>>> print(open('structure-v1.txt').read())   # compact mmCIF, C-alpha atoms and all ligand atoms
# COMPACT_ATOMS: atom_id res chain seq x y z
CA MET A 9 -35.44 -72.49 174.60
CA PRO A 10 -34.99 -76.25 175.13
CA PRO A 11 -36.28 -78.57 172.42
CA ILE A 12 -39.87 -79.59 172.90
CA ASP A 13 -40.63 -83.29 173.02
CA PRO A 14 -44.09 -83.57 171.45
CA SER A 15 -44.61 -86.98 173.09
CA ALA A 16 -44.44 -85.24 176.47
CA HIS A 17 -47.51 -83.15 175.65
CA THR A 18 -50.77 -84.11 177.25
CA VAL A 19 -52.66 -81.89 174.79
CA PRO A 20 -52.66 -83.02 171.15
CA ALA A 21 -49.70 -81.83 169.08
CA ALA A 22 -50.25 -78.75 166.92
CA LEU A 23 -49.60 -80.89 163.84
CA GLU A 24 -49.26 -84.61 163.26
CA LEU A 25 -48.43 -86.20 159.94
CA GLU A 26 -48.78 -89.94 159.57
CA GLY A 27 -47.57 -91.66 156.42
CA LEU A 28 -48.11 -88.50 154.38
CA THR A 29 -47.41 -89.27 150.72
CA LYS A 30 -47.71 -87.26 147.51
CA VAL A 31 -47.44 -88.80 144.05
CA PHE A 32 -47.50 -86.39 141.10
CA SER A 33 -48.16 -87.56 137.58
CA VAL A 34 -45.69 -86.13 135.12
CA GLY A 35 -47.06 -84.82 131.83
CA ARG A 36 -49.09 -87.20 129.70
CA SER A 37 -46.49 -89.94 129.84
CA GLY A 38 -48.33 -91.79 132.57
CA ARG A 39 -45.14 -91.60 134.66
CA SER A 40 -45.21 -90.37 138.21
CA VAL A 41 -42.90 -89.01 140.86
CA THR A 42 -43.32 -89.54 144.57
CA ALA A 43 -42.34 -86.16 145.99
CA VAL A 44 -43.10 -87.10 149.63
CA HIS A 45 -42.88 -90.69 150.93
CA GLY A 46 -44.75 -91.75 154.03
CA LEU A 47 -43.76 -88.77 156.15
CA THR A 48 -44.52 -89.22 159.83
CA LEU A 49 -43.72 -86.47 162.30
CA SER A 50 -45.32 -84.13 164.79
CA LEU A 51 -44.95 -80.53 165.84
CA GLY A 52 -45.65 -79.41 169.40
CA HIS A 53 -47.53 -76.24 170.37
CA GLY A 54 -45.20 -73.25 170.24
CA GLU A 55 -42.51 -75.35 168.59
CA ILE A 56 -40.47 -74.38 165.53
CA LEU A 57 -39.54 -77.36 163.37
CA GLY A 58 -36.93 -76.64 160.69
CA LEU A 59 -37.31 -78.57 157.44
CA VAL A 60 -34.11 -78.78 155.40
CA GLY A 61 -32.93 -80.58 152.28
CA GLU A 62 -31.59 -79.92 148.81
CA SER A 63 -33.67 -78.48 146.00
CA GLY A 64 -36.34 -80.97 144.94
CA SER A 65 -36.26 -82.91 148.22
CA GLY A 66 -39.98 -82.21 148.78
CA LYS A 67 -39.93 -79.40 151.37
CA SER A 68 -42.46 -77.13 149.63
CA THR A 69 -44.64 -80.10 148.77
CA VAL A 70 -44.88 -80.95 152.48
CA ALA A 71 -46.00 -77.38 153.26
CA ARG A 72 -48.47 -77.40 150.39
CA LEU A 73 -49.94 -80.69 151.57
CA ILE A 74 -50.42 -79.31 155.07
CA ALA A 75 -52.06 -76.14 153.70
CA HIS A 76 -54.11 -78.30 151.37
CA LEU A 77 -52.85 -76.56 148.25
CA HIS A 78 -52.25 -80.19 147.17
CA GLU A 79 -54.43 -83.12 148.13
CA PRO A 80 -52.35 -85.90 149.77
CA THR A 81 -52.21 -89.21 147.88
CA HIS A 82 -52.07 -91.19 151.15
CA GLY A 83 -51.66 -90.55 154.81
CA THR A 84 -53.26 -88.65 157.62
CA LEU A 85 -52.94 -85.06 158.75
CA ARG A 86 -54.09 -83.94 162.21
CA LEU A 87 -54.28 -80.34 163.42
CA GLY A 88 -54.57 -79.89 167.17
CA GLY A 89 -55.78 -83.51 167.34
CA ASP A 90 -58.47 -83.05 164.63
CA THR A 91 -58.06 -85.34 161.65
CA VAL A 92 -58.34 -83.30 158.47
CA PRO A 93 -61.03 -85.02 156.38
CA ARG A 94 -60.53 -85.95 152.74
CA PRO A 95 -61.57 -84.73 150.32
CA LEU A 96 -61.56 -81.31 151.91
CA ARG A 97 -63.84 -78.73 150.32
CA GLY A 98 -66.11 -75.78 151.13
CA ARG A 99 -66.34 -74.76 154.77
CA GLY A 100 -63.89 -77.42 155.91
CA LEU A 101 -61.27 -76.03 153.54
CA LYS A 102 -61.98 -72.45 154.64
CA ARG A 103 -61.58 -73.50 158.28
CA LEU A 104 -58.25 -75.17 157.52
CA ARG A 105 -57.04 -72.09 155.63
CA LYS A 106 -57.76 -70.02 158.73
CA ARG A 107 -55.92 -72.40 161.05
CA VAL A 108 -52.87 -72.81 158.81
CA GLN A 109 -51.19 -69.87 157.09
CA MET A 110 -48.30 -69.91 154.64
CA ILE A 111 -45.52 -67.38 154.21
CA PHE A 112 -43.77 -67.71 150.86
CA GLN A 113 -40.29 -66.88 149.76
CA ASP A 114 -40.98 -63.91 147.56
CA PRO A 115 -42.79 -60.97 149.17
CA PHE A 116 -42.80 -59.16 145.79
CA ALA A 117 -44.93 -61.87 144.23
CA SER A 118 -47.11 -62.45 147.30
CA LEU A 119 -48.63 -58.94 147.47
CA ASN A 120 -50.97 -57.53 144.84
CA PRO A 121 -49.25 -54.31 143.64
CA LEU A 122 -52.58 -52.62 142.90
CA HIS A 123 -53.86 -52.63 146.47
CA THR A 124 -52.83 -50.69 149.57
CA ILE A 125 -51.35 -52.52 152.53
CA GLY A 126 -54.50 -51.62 154.47
CA TYR A 127 -56.70 -53.32 151.87
CA ILE A 128 -54.42 -56.38 151.72
CA LEU A 129 -54.61 -56.84 155.51
CA ALA A 130 -58.32 -56.05 155.79
CA ARG A 131 -59.27 -58.86 153.40
CA PRO A 132 -58.46 -61.86 155.61
CA LEU A 133 -60.06 -60.08 158.60
CA LYS A 134 -63.30 -59.77 156.63
CA ILE A 135 -63.16 -63.18 154.93
CA HIS A 136 -62.80 -64.93 158.28
CA GLY A 137 -65.38 -62.68 159.96
CA LEU A 138 -62.84 -61.32 162.46
CA ALA A 139 -63.61 -57.60 162.13
CA ARG A 140 -66.32 -55.28 160.83
CA GLY A 141 -66.77 -51.54 160.28
CA ARG A 142 -64.31 -49.26 162.05
CA ASP A 143 -62.76 -52.14 163.87
CA VAL A 144 -61.16 -53.27 160.60
CA ASN A 145 -58.82 -50.26 160.52
CA THR A 146 -57.98 -50.62 164.20
CA GLN A 147 -57.07 -54.27 163.67
CA VAL A 148 -55.06 -53.55 160.51
CA ASN A 149 -53.00 -50.97 162.43
CA ALA A 150 -52.53 -53.38 165.32
CA LEU A 151 -51.31 -56.09 162.91
CA LEU A 152 -48.77 -53.69 161.40
CA ASP A 153 -47.56 -52.77 164.89
CA ARG A 154 -47.18 -56.46 165.77
CA VAL A 155 -44.76 -56.98 162.89
CA GLY A 156 -42.73 -53.88 163.73
CA LEU A 157 -44.25 -51.50 161.14
CA SER A 158 -45.11 -48.58 163.42
CA PRO A 159 -47.11 -46.44 163.45
CA GLY A 160 -49.36 -48.87 161.57
CA ALA A 161 -51.57 -46.13 160.11
CA SER A 162 -48.65 -44.64 158.16
CA TYR A 163 -48.00 -47.96 156.41
CA ALA A 164 -51.64 -48.90 155.76
CA ALA A 165 -52.03 -46.23 153.06
CA LYS A 166 -48.93 -47.31 151.12
CA LYS A 167 -48.75 -49.73 148.21
CA PRO A 168 -46.30 -52.66 148.19
CA HIS A 169 -43.80 -50.95 145.84
CA GLU A 170 -43.36 -48.14 148.37
CA LEU A 171 -41.89 -50.57 150.88
CA SER A 172 -38.49 -52.28 151.07
CA GLY A 173 -38.19 -56.07 150.65
CA GLY A 174 -37.93 -56.58 154.41
CA GLN A 175 -40.97 -54.36 155.07
CA ARG A 176 -42.95 -56.25 152.43
CA GLN A 177 -42.12 -59.56 154.09
CA ARG A 178 -43.34 -58.06 157.38
CA VAL A 179 -46.63 -57.26 155.65
CA VAL A 180 -46.83 -60.86 154.38
CA ILE A 181 -46.28 -62.06 157.95
CA ALA A 182 -48.96 -59.64 159.22
CA ARG A 183 -51.39 -61.01 156.63
CA ALA A 184 -50.64 -64.54 157.83
CA LEU A 185 -51.28 -63.45 161.45
CA ALA A 186 -54.59 -61.74 160.56
CA ALA A 187 -56.50 -65.02 160.54
CA HIS A 188 -55.27 -65.97 164.07
CA PRO A 189 -53.66 -69.17 162.77
CA GLU A 190 -52.42 -71.99 165.01
CA LEU A 191 -49.70 -72.98 162.58
CA ILE A 192 -47.45 -70.97 160.28
CA LEU A 193 -45.78 -72.65 157.33
CA ALA A 194 -42.82 -70.46 156.39
CA ASP A 195 -41.35 -71.62 153.06
CA GLU A 196 -37.90 -70.05 152.71
CA PRO A 197 -39.24 -66.75 154.09
CA THR A 198 -35.87 -65.02 154.06
CA SER A 199 -34.11 -66.38 151.00
CA ALA A 200 -35.31 -63.63 148.63
CA LEU A 201 -34.16 -60.91 151.05
CA ASP A 202 -30.87 -59.11 151.46
CA VAL A 203 -28.57 -60.88 153.85
CA SER A 204 -28.63 -57.79 156.08
CA ILE A 205 -32.37 -58.09 156.76
CA ARG A 206 -32.69 -61.88 156.95
CA LEU A 207 -31.80 -61.86 160.62
CA ASP A 208 -34.42 -59.17 161.33
CA ILE A 209 -37.15 -61.32 159.78
CA MET A 210 -35.95 -64.45 161.60
CA ASN A 211 -35.94 -62.52 164.88
CA LEU A 212 -39.46 -61.25 164.19
CA LEU A 213 -40.69 -64.83 163.65
CA LEU A 214 -38.92 -66.00 166.83
CA ASP A 215 -40.40 -63.11 168.75
CA LEU A 216 -43.92 -63.93 167.51
CA ARG A 217 -43.46 -67.54 168.57
CA ASP A 218 -42.24 -66.48 172.01
CA ARG A 219 -44.95 -63.83 172.56
CA GLU A 220 -47.89 -65.57 170.90
CA GLY A 221 -47.07 -69.27 171.15
CA LEU A 222 -47.33 -69.86 167.41
CA SER A 223 -46.24 -73.22 166.05
CA MET A 224 -44.13 -73.06 162.93
CA LEU A 225 -42.68 -75.16 160.16
CA PHE A 226 -39.61 -73.27 158.97
CA ILE A 227 -38.37 -74.41 155.56
CA THR A 228 -34.88 -73.44 154.51
CA HIS A 229 -31.80 -74.42 152.51
CA ASP A 230 -29.63 -72.77 155.09
CA LEU A 231 -28.46 -75.02 157.91
CA ALA A 232 -27.19 -72.15 160.05
CA GLY A 233 -30.60 -70.45 159.71
CA ALA A 234 -32.39 -73.70 160.58
CA ARG A 235 -30.25 -74.08 163.69
CA TYR A 236 -30.83 -70.47 164.73
CA MET A 237 -34.60 -70.67 164.30
CA SER A 238 -35.60 -74.21 165.19
CA ASP A 239 -36.16 -76.29 168.29
CA ARG A 240 -35.95 -79.44 166.17
CA VAL A 241 -34.82 -80.03 162.60
CA ALA A 242 -36.09 -82.60 160.09
CA VAL A 243 -33.99 -83.48 157.04
CA LEU A 244 -35.61 -84.60 153.79
CA TYR A 245 -33.85 -86.50 151.02
CA ALA A 246 -35.76 -87.41 147.84
CA GLY A 247 -39.01 -87.07 149.77
CA HIS A 248 -37.91 -89.30 152.66
CA LEU A 249 -37.41 -88.17 156.23
CA VAL A 250 -33.78 -89.18 156.82
CA GLU A 251 -32.96 -87.47 160.13
CA ILE A 252 -34.89 -85.63 162.83
CA GLY A 253 -34.02 -84.37 166.28
CA PRO A 254 -33.02 -81.37 168.38
CA ALA A 255 -31.56 -78.67 166.11
CA ASP A 256 -28.19 -78.61 167.87
CA ALA A 257 -27.84 -82.39 167.63
CA VAL A 258 -28.92 -82.74 163.98
CA ILE A 259 -26.84 -79.83 162.70
CA GLY A 260 -24.05 -79.90 165.27
CA ASP A 261 -23.50 -83.66 165.13
CA PRO A 262 -25.43 -85.17 162.19
CA GLN A 263 -25.85 -88.94 162.22
CA MET A 264 -27.01 -89.57 158.64
CA PRO A 265 -24.33 -89.34 155.91
CA TYR A 266 -26.63 -87.11 153.84
CA THR A 267 -26.93 -84.53 156.65
CA GLN A 268 -23.16 -84.73 157.08
CA LEU A 269 -22.82 -83.98 153.38
CA LEU A 270 -25.20 -81.01 153.61
CA LYS A 271 -23.23 -79.69 156.53
CA SER A 272 -19.89 -80.13 154.78
CA ALA A 273 -21.26 -78.25 151.75
CA ALA A 274 -22.64 -75.36 153.84
CA PRO A 275 -20.82 -72.03 153.58
CA ASN A 276 -18.42 -71.74 156.44
CA PRO A 277 -17.35 -68.11 156.55
CA ASP A 278 -16.73 -67.89 160.28
CA GLY A 279 -15.95 -71.47 161.18
CA TYR A 280 -19.48 -72.03 162.42
CA PHE A 281 -19.54 -75.44 160.83
CA ALA A 282 -16.71 -77.93 161.17
CA GLN A 283 -16.01 -79.87 158.01
CA ALA A 284 -17.59 -83.31 158.18
CA GLY A 285 -14.88 -84.98 156.13
CA LEU A 286 -17.20 -86.21 153.41
CA GLU A 287 -16.61 -85.66 149.76
CA VAL A 288 -19.57 -84.25 147.87
CA ARG A 289 -20.24 -86.84 145.26
CA GLY A 290 -23.05 -87.20 142.80
CA GLU A 291 -26.03 -85.07 142.00
CA ILE A 292 -29.48 -84.44 143.35
CA PRO A 293 -31.41 -87.67 142.77
CA ASP A 294 -33.78 -88.19 139.87
CA LEU A 295 -37.09 -88.94 141.58
CA GLN A 296 -38.20 -91.01 138.59
CA ASN A 297 -35.19 -93.31 138.93
CA LEU A 298 -34.56 -93.78 142.60
CA PRO A 299 -32.56 -96.85 143.65
CA PRO A 300 -34.58 -99.62 145.30
CA GLY A 301 -32.93 -99.32 148.71
CA CYS A 302 -31.70 -96.24 150.54
CA PRO A 303 -32.20 -93.28 148.17
CA PHE A 304 -28.84 -91.83 149.25
CA GLU A 305 -26.89 -95.05 148.58
CA PRO A 306 -25.44 -94.01 145.16
CA ARG A 307 -23.84 -90.93 146.76
CA CYS A 308 -22.95 -92.40 150.13
CA PRO A 309 -19.29 -93.12 150.90
CA HIS A 310 -20.34 -95.54 153.66
CA ALA A 311 -22.87 -97.60 151.65
CA ARG A 312 -22.98 -101.33 152.38
CA PRO A 313 -24.55 -104.06 150.19
CA VAL A 314 -27.63 -104.06 152.46
CA CYS A 315 -28.29 -100.41 151.55
CA ARG A 316 -29.29 -101.61 148.06
CA GLU A 317 -31.87 -104.02 149.42
CA GLY A 318 -34.49 -101.84 151.09
CA LEU A 319 -35.18 -98.50 152.72
CA PRO A 320 -33.44 -98.44 156.12
CA ARG A 321 -35.63 -97.76 159.12
CA LEU A 322 -35.15 -94.75 161.41
CA TYR A 323 -32.74 -95.64 164.23
CA ASP A 324 -32.65 -93.91 167.61
CA VAL A 325 -29.28 -92.18 167.76
CA GLY A 326 -29.71 -89.83 170.73
CA PRO A 327 -32.40 -88.24 172.91
CA GLY A 328 -35.29 -87.45 170.55
CA HIS A 329 -32.86 -87.91 167.64
CA GLN A 330 -33.37 -90.44 164.83
CA ALA A 331 -31.44 -91.18 161.64
CA ARG A 332 -32.34 -93.42 158.71
CA CYS A 333 -29.00 -95.18 158.31
CA ILE A 334 -27.82 -98.78 158.83
CA LEU A 335 -24.52 -97.51 160.26
CA HIS A 336 -26.49 -97.38 163.52
CA ASP A 337 -27.06 -101.15 163.38
CA PRO A 338 -23.78 -102.76 164.51
CA LEU A 339 -24.42 -106.02 162.61
CA LEU A 340 -25.25 -104.34 159.29
CA ALA A 341 -22.51 -101.74 159.70
CA ALA A 342 -20.02 -104.60 159.98
CA GLN A 343 -20.52 -105.41 156.28
CA PRO A 344 -17.60 -104.19 154.12
CA PRO A 345 -18.39 -100.86 152.40
CA LEU A 346 -19.28 -100.90 148.71
CA VAL A 347 -16.84 -98.04 148.14
CA PRO A 348 -13.58 -98.17 150.09
CA ALA A 349 -13.22 -95.18 152.39
CA ALA A 350 -10.76 -92.47 151.29
CA GLY A 351 -7.27 -93.46 152.35
CA ALA A 352 -8.13 -97.16 152.55
CA PRO A 353 -5.70 -99.48 150.77
CA ALA A 354 -6.71 -100.25 147.19
CA PRO A 355 -8.02 -103.79 146.64
CA PRO A 356 -5.43 -106.22 145.24
N1 LIG A 401 -47.28 -79.80 140.82
C1 LIG A 401 -46.27 -80.66 140.58
N2 LIG A 401 -46.35 -81.56 139.56
C2 LIG A 401 -45.35 -82.44 139.33
N3 LIG A 401 -44.23 -82.52 140.08
C3 LIG A 401 -44.11 -81.67 141.10
C4 LIG A 401 -45.12 -80.69 141.41
N4 LIG A 401 -44.71 -79.97 142.48
C5 LIG A 401 -43.50 -80.47 142.83
N5 LIG A 401 -43.15 -81.49 142.00
C6 LIG A 401 -41.92 -82.27 142.08
O1 LIG A 401 -41.78 -82.73 143.41
C7 LIG A 401 -40.42 -82.70 143.81
C8 LIG A 401 -40.28 -81.91 145.09
O2 LIG A 401 -40.54 -80.54 144.81
P1 LIG A 401 -40.55 -79.42 145.94
O3 LIG A 401 -40.92 -78.15 145.27
O4 LIG A 401 -41.40 -79.89 147.06
O5 LIG A 401 -39.04 -79.40 146.39
P2 LIG A 401 -38.30 -78.39 147.39
O6 LIG A 401 -37.55 -79.22 148.38
O7 LIG A 401 -39.25 -77.38 147.91
O8 LIG A 401 -37.24 -77.70 146.41
P3 LIG A 401 -36.66 -76.19 146.42
O9 LIG A 401 -35.60 -76.18 147.50
O10 LIG A 401 -36.06 -76.03 145.06
O11 LIG A 401 -37.78 -75.24 146.69
C9 LIG A 401 -39.63 -82.12 142.64
O12 LIG A 401 -39.09 -83.19 141.89
C10 LIG A 401 -40.69 -81.40 141.85
O13 LIG A 401 -40.34 -81.40 140.47
MG MG A 402 -39.39 -75.30 147.76
>>> encode(input="structure-v1.txt", output="structure tokens")
Amino acid sequence: MPPIDPSAHTVPAALELEGLTKVFSVGRSGRSVTAVHGLTLSLGHGEILGLVGESGSGKSTVARLIAHLHEPTHGTLRLGGDTVPRPLRGRGLKRLRKRVQMIFQDPFASLNPLHTIGYILARPLKIHGLARGRDVNTQVNALLDRVGLSPGASYAAKKPHELSGGQRQRVVIARALAAHPELILADEPTSALDVSIRLDIMNLLLDLRDREGLSMLFITHDLAGARYMSDRVAVLYAGHLVEIGPADAVIGDPQMPYTQLLKSAAPNPDGYFAQAGLEVRGEIPDLQNLPPGCPFEPRCPHARPVCREGLPRLYDVGPGHQARCILHDPLLAAQPPLVPAAGAPAPP
């Protein structure tokens, strides 16, 4: 499916974030960390946007802000063109929770072991007033069928421990679908599963998007998985959006040194990824001590003096493809690098 350009939509995008920011206070020290900095992006109807980045880059925080499990510190969130009011409480919050559903990493932890699958799936149907009486069972069975657990009735009587990890994640997906959401936030939905069943779950999510037009934010550490699943991919570094564009462009030909580094560090068992020629240097950044300019500057082999002065803007680097790197500004890129490139002659 070709990448969807949300700007081409005449109907409002499924999701729009504008300057979304989350500052957490840390302990009683009065210190704070900004986990998400001014994130602006949109997601078209029926689009899958992959969200990738190292551990601590802010991926889950973005999902939790959208689901309103955290209140944003600044910024605007729009769902289908409706601005989500702040503070959001009571009926407004219940309405948002119906429209946006999360799928978490660990299906073992997500399902109450004391209840049957039928009970677990009936709850959202009742809470959101979507079924009553006998219709509840019919809808539960239909949900199980939709996620490939057929015949539904034979699974509804089971408890979570009677199912495999992959089957449990299918139940979690069915529970998310029960509320008829417009947007699914899938936070590493396959990383707790055996490699052999990851593809099954990814194919189920793709199939649901194709059949039911769901919009989805797909969070993952795995670049190959992001490319397989997503129309577009957004890359986060220390809470900043550093690259976004069509999945094949961002992962096949990354234009931000950080994405190149991620790609070069990705497992490459079958030659799927070419090596990007970057050395992995440095550690995941400490959000309490970020440099004043580009957050990636201390690890970047291409850094120029200007990278220490301020956060670079996003540059257009291809159709629908943007990267936050001054290498795309010919004047700034002409500055001598702070660190000589590998193989360059040593300074006298
Ligand atoms: N409730 C919280 N209070 C304080 N800091 C938090 C809170 N939640 C997240 N953070 C911090 O925000 C940053 C981003 O965390 P987040 O969980 O969003 O990262 P992530 O990209 O999902 O990482 P991972 O790949 O490990 O899941 C981290 O530094 C984390 O410690
Ligand atoms: Mg996370």
>>> residues_near_ligand(input="structure-v1.txt", ligand="ligand MG 402 (chain A)", cutoff="12 Å", atoms="all atoms listed in the file", output="mmCIF file with C-alpha atoms, in the coordinates of the input")
data_model
loop_
_atom_site.group_PDB
_atom_site.id
_atom_site.type_symbol
_atom_site.label_atom_id
_atom_site.label_comp_id
_atom_site.auth_asym_id
_atom_site.auth_seq_id
_atom_site.Cartn_x
_atom_site.Cartn_y
_atom_site.Cartn_z
ATOM 1 C CA ALA A 43 -42.340 -86.160 145.990
ATOM 2 C CA LEU A 59 -37.310 -78.570 157.440
ATOM 3 C CA VAL A 60 -34.110 -78.780 155.400
ATOM 4 C CA GLY A 61 -32.930 -80.580 152.280
ATOM 5 C CA GLU A 62 -31.590 -79.920 148.810
ATOM 6 C CA SER A 63 -33.670 -78.480 146.000
ATOM 7 C CA GLY A 64 -36.340 -80.970 144.940
ATOM 8 C CA SER A 65 -36.260 -82.910 148.220
ATOM 9 C CA GLY A 66 -39.980 -82.210 148.780
ATOM 10 C CA LYS A 67 -39.930 -79.400 151.370
ATOM 11 C CA SER A 68 -42.460 -77.130 149.630
ATOM 12 C CA THR A 69 -44.640 -80.100 148.770
ATOM 13 C CA VAL A 70 -44.880 -80.950 152.480
ATOM 14 C CA ALA A 71 -46.000 -77.380 153.260
ATOM 15 C CA ARG A 72 -48.470 -77.400 150.390
ATOM 16 C CA ILE A 111 -45.520 -67.380 154.210
ATOM 17 C CA PHE A 112 -43.770 -67.710 150.860
ATOM 18 C CA GLN A 113 -40.290 -66.880 149.760
ATOM 19 C CA ASP A 114 -40.980 -63.910 147.560
ATOM 20 C CA LEU A 193 -45.780 -72.650 157.330
ATOM 21 C CA ALA A 194 -42.820 -70.460 156.390
ATOM 22 C CA ASP A 195 -41.350 -71.620 153.060
ATOM 23 C CA GLU A 196 -37.900 -70.050 152.710
ATOM 24 C CA PRO A 197 -39.240 -66.750 154.090
ATOM 25 C CA SER A 199 -34.110 -66.380 151.000
ATOM 26 C CA PHE A 226 -39.610 -73.270 158.970
ATOM 27 C CA ILE A 227 -38.370 -74.410 155.560
ATOM 28 C CA THR A 228 -34.880 -73.440 154.510
ATOM 29 C CA HIS A 229 -31.800 -74.420 152.510
ATOM 30 C CA LEU A 244 -35.610 -84.600 153.790
ATOM 31 C CA GLY A 247 -39.010 -87.070 149.770
#
>>> atom_distance(input="structure-v1.txt", atom1="CA of Pro121 in chain A", atom2="atom C5 of ligand LIG 401 (chain A)")
26.8 Å
>>> atom_distance(input="structure-v1.txt", atom1="CA of Ile292 in chain A", atom2="CA of Arg240 in chain A")
24.2 Å
>>> closest_residue(input="structure-v1.txt", among="A:Leu201, A:Val347, A:Leu295, A:Ile192", to="Val34 in chain A", atoms="all atoms listed in the file")
A:Leu295
>>> residues_around(input="structure-v1.txt", residues="Leu87 in chain A", least_positions_apart="3", cutoff="7 Å", atoms="only C-alpha atoms", output="list of chain:residue names")
A:Ala22, A:Leu23, A:Glu24, A:Asp90, A:Thr91
>>> closest_residue(input="structure-v1.txt", among="A:Asp215, A:Asp337, A:Asp324, A:Asp202", to="Val155 in chain A", atoms="only C-alpha atoms")
A:Asp215
>>> closest_residue(input="structure-v1.txt", among="A:Ile334, A:Val243, A:Met210, A:Ala234", to="ligand LIG 401 (chain A)", atoms="all atoms listed in the file")
A:Val243
>>> closest_residue(input="structure-v1.txt", among="A:Pro293, A:Gly54, A:Gly156, A:Gly260", to="ligand LIG 401 (chain A)", atoms="all atoms listed in the file")
A:Pro293
>>> atom_distance(input="structure-v1.txt", atom1="CA of Leu96 in chain A", atom2="CA of Glu79 in chain A")
8.3 Å
>>> closest_residue(input="structure-v1.txt", among="A:Gly100, A:Gly83, A:Gly253, A:Gly35", to="ligand LIG 401 (chain A)", atoms="all atoms listed in the file")
A:Gly35
>>> build_atoms(input="structure-v1.txt", residues="range 37-52 of chain A", atoms="N, CA and C atoms", output="mmCIF file, in the frame of the given file")
data_model
loop_
_atom_site.group_PDB
_atom_site.id
_atom_site.type_symbol
_atom_site.label_atom_id
_atom_site.label_comp_id
_atom_site.auth_asym_id
_atom_site.auth_seq_id
_atom_site.Cartn_x
_atom_site.Cartn_y
_atom_site.Cartn_z
ATOM 1 N N SER A 37 -47.213 -88.689 130.049
ATOM 2 C CA SER A 37 -46.490 -89.940 129.840
ATOM 3 C C SER A 37 -47.037 -91.075 130.691
ATOM 4 N N GLY A 38 -47.876 -90.758 131.646
ATOM 5 C CA GLY A 38 -48.330 -91.790 132.570
ATOM 6 C C GLY A 38 -47.307 -92.079 133.652
ATOM 7 N N ARG A 39 -46.149 -91.391 133.629
ATOM 8 C CA ARG A 39 -45.140 -91.600 134.660
ATOM 9 C C ARG A 39 -45.487 -90.755 135.882
ATOM 10 N N SER A 40 -44.899 -91.120 136.993
ATOM 11 C CA SER A 40 -45.210 -90.370 138.210
ATOM 12 C C SER A 40 -43.948 -90.187 139.048
ATOM 13 N N VAL A 41 -43.986 -89.179 139.887
ATOM 14 C CA VAL A 41 -42.900 -89.010 140.860
ATOM 15 C C VAL A 41 -43.529 -88.955 142.253
ATOM 16 N N THR A 42 -42.864 -89.616 143.180
ATOM 17 C CA THR A 42 -43.320 -89.540 144.570
ATOM 18 C C THR A 42 -42.475 -88.451 145.237
ATOM 19 N N ALA A 43 -43.087 -87.306 145.442
ATOM 20 C CA ALA A 43 -42.340 -86.160 145.990
ATOM 21 C C ALA A 43 -42.199 -86.263 147.500
ATOM 22 N N VAL A 44 -43.150 -86.910 148.160
ATOM 23 C CA VAL A 44 -43.100 -87.100 149.630
ATOM 24 C C VAL A 44 -43.517 -88.545 149.910
ATOM 25 N N HIS A 45 -42.653 -89.265 150.664
ATOM 26 C CA HIS A 45 -42.880 -90.690 150.930
ATOM 27 C C HIS A 45 -43.204 -90.932 152.384
ATOM 28 N N GLY A 46 -44.410 -91.244 152.698
ATOM 29 C CA GLY A 46 -44.750 -91.750 154.030
ATOM 30 C C GLY A 46 -44.177 -90.940 155.179
ATOM 31 N N LEU A 47 -44.378 -89.646 155.138
ATOM 32 C CA LEU A 47 -43.760 -88.770 156.150
ATOM 33 C C LEU A 47 -44.571 -88.811 157.450
ATOM 34 N N THR A 48 -43.880 -89.180 158.519
ATOM 35 C CA THR A 48 -44.520 -89.220 159.830
ATOM 36 C C THR A 48 -43.724 -88.322 160.770
ATOM 37 N N LEU A 49 -44.366 -87.317 161.297
ATOM 38 C CA LEU A 49 -43.720 -86.470 162.300
ATOM 39 C C LEU A 49 -44.773 -85.639 163.011
ATOM 40 N N SER A 50 -44.371 -85.009 164.120
ATOM 41 C CA SER A 50 -45.320 -84.130 164.790
ATOM 42 C C SER A 50 -44.617 -82.849 165.239
ATOM 43 N N LEU A 51 -45.436 -81.862 165.480
ATOM 44 C CA LEU A 51 -44.950 -80.530 165.840
ATOM 45 C C LEU A 51 -45.720 -80.097 167.091
ATOM 46 N N GLY A 52 -44.979 -79.790 168.159
ATOM 47 C CA GLY A 52 -45.650 -79.410 169.400
ATOM 48 C C GLY A 52 -46.143 -77.965 169.350
#
